[in-house]
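Visitor: File final-v8.csv follows (CSV, C-alpha atoms):
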```csv
chain,number,residue,atom,x,y,z
A,1,MET,CA,-38.0,-43.7,-38.5
A,2,LEU,CA,-40.2,-44.2,-35.5
A,3,GLU,CA,-43.5,-45.9,-36.2
A,4,VAL,CA,-44.8,-46.2,-32.6
A,5,ILE,CA,-44.2,-43.7,-29.8
A,6,GLY,CA,-44.8,-44.7,-26.2
A,7,ALA,CA,-46.1,-41.9,-24.1
A,8,GLY,CA,-46.6,-43.8,-20.8
A,9,LEU,CA,-44.8,-43.0,-17.6
A,10,PRO,CA,-42.3,-45.5,-16.2
A,11,ARG,CA,-43.8,-48.5,-14.4
A,12,THR,CA,-47.0,-48.6,-16.6
A,13,GLY,CA,-46.0,-51.8,-18.4
A,14,THR,CA,-43.4,-50.2,-20.6
A,15,THR,CA,-41.1,-53.2,-20.6
A,16,SER,CA,-43.9,-55.6,-21.5
A,17,THR,CA,-45.0,-53.1,-24.3
A,18,LYS,CA,-41.4,-53.0,-25.6
A,19,ALA,CA,-41.4,-56.8,-25.9
A,20,ALA,CA,-44.9,-56.9,-27.5
A,21,LEU,CA,-43.9,-54.2,-30.1
A,22,GLU,CA,-40.9,-56.2,-31.0
A,23,ARG,CA,-42.9,-59.4,-31.4
A,24,LEU,CA,-45.2,-57.5,-33.7
A,25,GLY,CA,-42.4,-56.3,-36.0
A,26,PHE,CA,-42.0,-52.7,-34.6
A,27,GLY,CA,-38.6,-53.3,-33.2
A,28,PRO,CA,-36.0,-52.6,-32.1
A,29,CYS,CA,-37.9,-50.7,-29.5
A,30,TYR,CA,-36.0,-48.1,-27.5
A,31,HIS,CA,-36.4,-48.4,-23.7
A,32,THR,CA,-34.2,-47.1,-20.8
A,33,PHE,CA,-32.8,-50.7,-20.6
A,34,GLU,CA,-31.1,-50.1,-23.9
A,35,ILE,CA,-28.8,-47.6,-22.2
A,36,LEU,CA,-28.0,-50.3,-19.6
A,37,ARG,CA,-27.1,-52.7,-22.4
A,38,HIS,CA,-25.4,-50.1,-24.6
A,39,PRO,CA,-24.1,-47.3,-22.4
A,40,GLU,CA,-22.7,-45.4,-25.4
A,41,LEU,CA,-26.3,-44.5,-26.3
A,42,ALA,CA,-26.4,-42.1,-23.4
A,43,GLU,CA,-24.3,-39.7,-25.4
A,44,ARG,CA,-27.1,-39.0,-27.7
A,45,TRP,CA,-29.3,-37.5,-24.9
A,46,LEU,CA,-26.7,-35.3,-23.2
A,47,PRO,CA,-27.8,-31.9,-24.8
A,48,ALA,CA,-31.3,-32.4,-23.3
A,49,GLY,CA,-30.0,-32.3,-19.8
A,50,SER,CA,-29.6,-28.6,-20.0
A,51,GLY,CA,-32.6,-28.0,-22.2
A,52,GLY,CA,-30.7,-28.1,-25.5
A,53,PRO,CA,-32.0,-29.4,-28.8
A,54,LEU,CA,-31.8,-33.1,-29.7
A,55,SER,CA,-31.5,-34.8,-33.1
A,56,TRP,CA,-34.2,-37.4,-33.0
A,57,GLU,CA,-32.7,-39.1,-36.0
A,58,ARG,CA,-29.5,-39.6,-34.0
A,59,VAL,CA,-31.2,-40.5,-30.7
A,60,PHE,CA,-33.3,-43.2,-32.3
A,61,ALA,CA,-31.0,-44.4,-35.1
A,62,GLY,CA,-31.7,-48.1,-35.5
A,63,PHE,CA,-35.0,-48.1,-33.7
A,64,ARG,CA,-38.6,-48.3,-34.9
A,65,SER,CA,-40.4,-47.6,-31.7
A,66,CYS,CA,-39.8,-46.2,-28.2
A,67,VAL,CA,-41.2,-46.4,-24.7
A,68,ASP,CA,-40.3,-45.3,-21.2
A,69,TRP,CA,-38.2,-42.4,-20.0
A,70,PRO,CA,-36.4,-40.5,-21.3
A,71,ALA,CA,-38.1,-41.1,-24.6
A,72,SER,CA,-41.7,-41.0,-23.4
A,73,PHE,CA,-41.2,-37.6,-21.8
A,74,PHE,CA,-40.7,-36.1,-25.2
A,75,TRP,CA,-43.9,-37.7,-26.6
A,76,ARG,CA,-45.3,-34.3,-27.8
A,77,GLU,CA,-42.1,-33.4,-29.7
A,78,LEU,CA,-41.8,-36.9,-31.2
A,79,ALA,CA,-45.5,-36.9,-32.3
A,80,GLY,CA,-44.7,-33.7,-34.2
A,81,ALA,CA,-41.4,-34.9,-35.6
A,82,TYR,CA,-43.0,-38.2,-36.8
A,83,PRO,CA,-46.5,-37.3,-37.9
A,84,ASP,CA,-47.3,-40.8,-39.3
A,85,ALA,CA,-46.3,-42.6,-36.1
A,86,LYS,CA,-49.0,-43.9,-33.7
A,87,VAL,CA,-48.9,-43.2,-30.0
A,88,VAL,CA,-49.5,-45.7,-27.3
A,89,LEU,CA,-50.2,-44.3,-23.8
A,90,THR,CA,-49.6,-47.1,-21.3
A,91,VAL,CA,-51.7,-46.8,-18.2
A,92,ARG,CA,-52.4,-48.7,-15.0
A,93,ASP,CA,-54.3,-48.3,-11.7
A,94,PRO,CA,-52.8,-45.1,-10.2
A,95,ASP,CA,-52.4,-46.6,-6.7
A,96,SER,CA,-50.6,-49.6,-8.0
A,97,TRP,CA,-48.5,-47.4,-10.3
A,98,TYR,CA,-47.4,-45.3,-7.4
A,99,ALA,CA,-46.4,-48.4,-5.3
A,100,SER,CA,-44.4,-49.7,-8.2
A,101,PHE,CA,-42.8,-46.3,-9.0
A,102,ARG,CA,-41.9,-45.8,-5.3
A,103,MET,CA,-40.3,-49.3,-5.3
A,104,LEU,CA,-38.2,-48.3,-8.3
A,105,GLY,CA,-37.2,-45.1,-6.5
A,106,SER,CA,-36.1,-47.0,-3.4
A,107,LEU,CA,-34.0,-49.4,-5.5
A,108,SER,CA,-32.4,-46.6,-7.4
A,109,ALA,CA,-31.5,-44.8,-4.2
A,110,ARG,CA,-29.5,-47.9,-3.2
A,111,GLY,CA,-27.7,-48.3,-6.5
A,112,PRO,CA,-24.1,-47.3,-7.0
A,113,MET,CA,-24.1,-43.6,-7.7
A,114,ARG,CA,-20.3,-43.2,-8.2
A,115,GLU,CA,-18.4,-44.8,-10.9
A,116,ASP,CA,-15.4,-45.6,-8.6
A,117,ASP,CA,-17.7,-47.4,-6.2
A,118,ALA,CA,-19.3,-49.7,-8.8
A,119,PRO,CA,-18.0,-53.2,-9.8
A,120,GLU,CA,-15.7,-52.8,-12.7
A,121,ALA,CA,-18.0,-54.5,-15.2
A,122,VAL,CA,-20.8,-52.1,-14.7
A,123,ARG,CA,-18.8,-48.9,-14.4
A,124,PRO,CA,-19.7,-47.9,-18.0
A,125,VAL,CA,-23.4,-48.2,-17.1
A,126,VAL,CA,-23.0,-46.2,-13.9
A,127,ALA,CA,-21.0,-43.5,-15.8
A,128,ALA,CA,-23.7,-43.3,-18.5
A,129,MET,CA,-26.5,-43.0,-15.9
A,130,THR,CA,-24.6,-40.4,-14.0
A,131,ARG,CA,-24.2,-38.3,-17.1
A,132,LEU,CA,-27.9,-38.6,-17.7
A,133,ARG,CA,-28.8,-37.5,-14.2
A,134,PRO,CA,-29.4,-33.8,-15.2
A,135,LEU,CA,-31.9,-35.0,-17.9
A,136,PHE,CA,-33.8,-37.2,-15.5
A,137,GLU,CA,-33.9,-34.4,-13.0
A,138,ARG,CA,-35.3,-32.1,-15.6
A,139,ILE,CA,-37.9,-34.7,-16.5
A,140,GLY,CA,-38.9,-35.2,-12.8
A,141,ARG,CA,-39.2,-31.5,-12.2
A,142,SER,CA,-41.5,-31.1,-15.2
A,143,VAL,CA,-43.7,-34.1,-14.4
A,144,PHE,CA,-44.0,-33.7,-10.7
A,145,GLU,CA,-43.8,-29.9,-10.6
A,146,GLU,CA,-41.2,-30.0,-7.7
A,147,ASP,CA,-37.6,-30.5,-7.1
A,148,TRP,CA,-36.9,-34.1,-8.0
A,149,ARG,CA,-33.9,-36.4,-8.4
A,150,PRO,CA,-33.5,-40.1,-9.2
A,151,GLY,CA,-34.1,-42.2,-6.1
A,152,ARG,CA,-36.6,-39.7,-4.6
A,153,VAL,CA,-40.3,-40.1,-5.0
A,154,PRO,CA,-43.0,-37.5,-4.2
A,155,ASP,CA,-45.7,-38.3,-1.7
A,156,GLU,CA,-48.6,-40.3,-3.1
A,157,ASP,CA,-51.1,-37.5,-3.5
A,158,ARG,CA,-48.6,-35.3,-5.5
A,159,ALA,CA,-47.4,-38.3,-7.6
A,160,VAL,CA,-50.9,-39.6,-8.4
A,161,ALA,CA,-52.0,-36.0,-9.3
A,162,ALA,CA,-49.0,-35.8,-11.7
A,163,TYR,CA,-49.9,-39.2,-13.2
A,164,HIS,CA,-53.5,-37.9,-13.9
A,165,ARG,CA,-52.1,-34.7,-15.4
A,166,HIS,CA,-49.9,-36.6,-17.7
A,167,VAL,CA,-52.6,-38.9,-18.9
A,168,ALA,CA,-55.0,-36.0,-19.4
A,169,ALA,CA,-52.4,-34.0,-21.4
A,170,VAL,CA,-51.7,-36.8,-23.8
A,171,ARG,CA,-55.4,-37.6,-24.4
A,172,ALA,CA,-56.2,-33.9,-25.0
A,173,ALA,CA,-53.3,-33.4,-27.4
A,174,LEU,CA,-53.8,-36.3,-29.9
A,175,PRO,CA,-56.8,-37.3,-32.1
A,176,ALA,CA,-58.4,-40.6,-31.1
A,177,GLU,CA,-57.4,-42.3,-34.3
A,178,ARG,CA,-53.7,-41.7,-33.5
A,179,LEU,CA,-53.8,-42.6,-29.8
A,180,LEU,CA,-54.2,-45.9,-28.0
A,181,VAL,CA,-54.7,-45.7,-24.2
A,182,PHE,CA,-53.5,-49.2,-23.3
A,183,ASP,CA,-53.4,-51.3,-20.1
A,184,VAL,CA,-51.1,-54.3,-20.7
A,185,ARG,CA,-53.6,-56.5,-18.9
A,186,GLU,CA,-55.8,-56.1,-22.0
A,187,GLY,CA,-53.4,-58.3,-24.0
A,188,TRP,CA,-52.8,-58.4,-27.7
A,189,GLY,CA,-56.3,-57.4,-28.9
A,190,PRO,CA,-56.4,-53.6,-28.5
A,191,LEU,CA,-52.7,-53.2,-29.5
A,192,CYS,CA,-52.9,-55.3,-32.6
A,193,ALA,CA,-56.2,-53.7,-33.7
A,194,PHE,CA,-54.7,-50.2,-33.3
A,195,LEU,CA,-51.5,-51.1,-35.2
A,196,GLY,CA,-53.3,-53.1,-37.9
A,197,VAL,CA,-51.4,-56.3,-37.3
A,198,THR,CA,-52.2,-59.9,-36.3
A,199,ALA,CA,-51.5,-61.2,-32.9
A,200,PRO,CA,-48.7,-63.8,-32.7
A,201,PRO,CA,-50.2,-67.3,-32.8
A,202,ASP,CA,-47.6,-68.8,-30.6
A,203,GLY,CA,-47.5,-67.0,-27.3
A,204,PRO,CA,-49.3,-65.0,-24.7
A,205,PHE,CA,-48.8,-61.2,-24.3
A,206,PRO,CA,-45.5,-60.7,-22.4
A,207,HIS,CA,-45.6,-59.6,-18.8
A,208,LEU,CA,-42.1,-58.5,-17.8
A,209,ASN,CA,-40.1,-56.5,-15.3
A,210,ASP,CA,-42.2,-57.0,-12.2
A,211,ALA,CA,-41.0,-56.0,-8.7
A,212,ALA,CA,-39.0,-59.2,-8.3
A,213,SER,CA,-37.3,-58.7,-11.6
A,214,MET,CA,-36.3,-55.2,-10.7
A,215,ARG,CA,-34.9,-56.2,-7.3
A,216,ARG,CA,-33.0,-59.0,-9.0
A,217,MET,CA,-31.4,-56.6,-11.5
A,218,PHE,CA,-30.1,-54.3,-8.8
A,219,GLU,CA,-28.9,-57.2,-6.7
A,220,LEU,CA,-26.9,-58.6,-9.6
A,221,MET,CA,-25.3,-55.2,-10.3
A,222,HIS,CA,-24.1,-55.2,-6.7
A,223,THR,CA,-23.1,-58.8,-6.2
A,224,GLU,CA,-21.9,-59.9,-9.6
A,225,GLY,CA,-21.2,-56.7,-11.3
A,226,ARG,CA,-23.4,-57.4,-14.3
A,227,VAL,CA,-26.6,-56.0,-15.8
A,228,HIS,CA,-29.5,-58.3,-16.3
A,229,VAL,CA,-32.4,-57.0,-18.3
A,230,PRO,CA,-35.8,-58.7,-18.5
A,231,PHE,CA,-35.8,-59.5,-22.2
A,232,PRO,CA,-33.6,-61.5,-24.5
A,233,PRO,CA,-30.5,-59.9,-26.0
A,234,GLY,CA,-31.9,-60.2,-29.5
A,235,GLY,CA,-35.1,-58.3,-28.4
```
Now, as a test, write the supplied structure out as structure tokens.
Guide:
Amino acid sequence: MLEVIGAGLPRTGTTSTKAALERLGFGPCYHTFEILRHPELAERWLPAGSGGPLSWERVFAGFRSCVDWPASFFWRELAGAYPDAKVVLTVRDPDSWYASFRMLGSLSARGPMREDDAPEAVRPVVAAMTRLRPLFERIGRSVFEEDWRPGRVPDEDRAVAAYHRHVAAVRAALPAERLLVFDVREGWGPLCAFLGVTAPPDGPFPHLNDAASMRRMFELMHTEGRVHVPFPPGG
């Protein structure tokens, strides 16, 4: 049963928000990185690649919250399926978001796209992401309103316009008491107040998955054939 639904686009602090939600007791939190750690989870999403229906209970079995694509693309459906869940829309400065999203696109374009070309240890991950490619292409076409594929980023004007459309759509669709528009730079205060919990007394708000971390993850996939995610295995 999902209790918190992340509605933010990728590269809006979703990894930091995942770590924060888990610290606050709303974990495990589903993030794209879960597919990298557990490639078998990709199977749950496959019908959506062709527009087919999904079983949310199956997709999120074992999870109490979710952030990032592909989950956040379905924020509207999830908000309807889990009417008691709260929604967190992560945001950031649109220009810095675009720079970060473009960086992710360039790294993805360099990643191993064929299972046979990947180091043996990461072949299950590459296979899983390859099977999910139609879903991510569907998501990209919907968000950016143009032909899109992983590794390709629209020009800045079109991408930033899509960013603003997304934020406006989420804000217009949900009542204020159910929605938190959240910049991770704000720290624990707004998130804890919204969720009705107390901030952890023993640590700052997590700030994870910066550009250097992303580059390091892709580098390790190529050089060492392993997946390194920016949060602890128990997270």
Visitor: Is there a way to get, as a ChimeraX atom specification, all residues within 10 Å of the point (-47.6, -45.8, -11.0) in file coordinates, counting all atoms listed in the file?
Guide: /A:9-13,91-103,156,159-160,163
Visitor: Ranking A:Trp56, A:Phe205, A:Phe63, A:Phe74 by minimum distance to Pro28 (chain A) and counting only C-alpha atoms, which one comes first?
Guide: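 Under the stated criterion, the closest residue is A:Phe63.
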Visitor: Could you tell me how far CA of Ala61 (chain A) lies from CA of Arg171 (chain A), in Å and to one decimal?
Guide: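 Separation between CA of Ala61 (chain A) and CA of Arg171 (chain A): 27.5 Å.
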Visitor: Just give me the gap between CA of Cys66 (chain A) and CA of Ala127 (chain A) in Å, one decimal is fine.
Guide: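 Distance between the two atoms: 22.7 Å.
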Visitor: Please provide as an NGL selection string all residues within 10 Å of Ala20 (chain A), with the sequence filter that same-chain residues fewer than 2 positions apart are discarded (counting all atoms listed in the file).
Guide: :A and (14-18 or 22-27 or 29 or 184 or 187-188 or 191-192 or 199-200 or 204-207 or 235)
Visitor: What does the structure give for the distance between CA of Phe60 (chain A) and CA of Phe73 (chain A), in Å to one decimal?
Guide: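 Atom-to-atom, CA of Phe60 (chain A) and CA of Phe73 (chain A) are spaced 14.3 Å apart.
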Visitor: Can you pull out the residues contacting region 41-51 of chain A? Cut-off 7 Å, using all atoms listed in the file, and skip same-chain residues under 4 positions away; I want them as a PyMOL selection string.
Guide: chain A and resi 35+58-59+128+132+134-135+138
Visitor: For Trp75 (chain A), which of A:Gly8, A:Pro119, A:Pro39, A:Gly52 is the closest residue, counting all atoms listed in the file?
Guide: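 Between A:Gly8, A:Pro119, A:Pro39, A:Gly52, the residue approaching Trp75 (chain A) most closely is A:Gly8.
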Visitor: With only C-alpha atoms as the basis for distance, which of A:Leu208, A:Leu89, A:Val122, A:Val4 is at the shortest distance from Ala168 (chain A)?
Guide: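 Smallest separation from Ala168 (chain A) among the options: A:Leu89.
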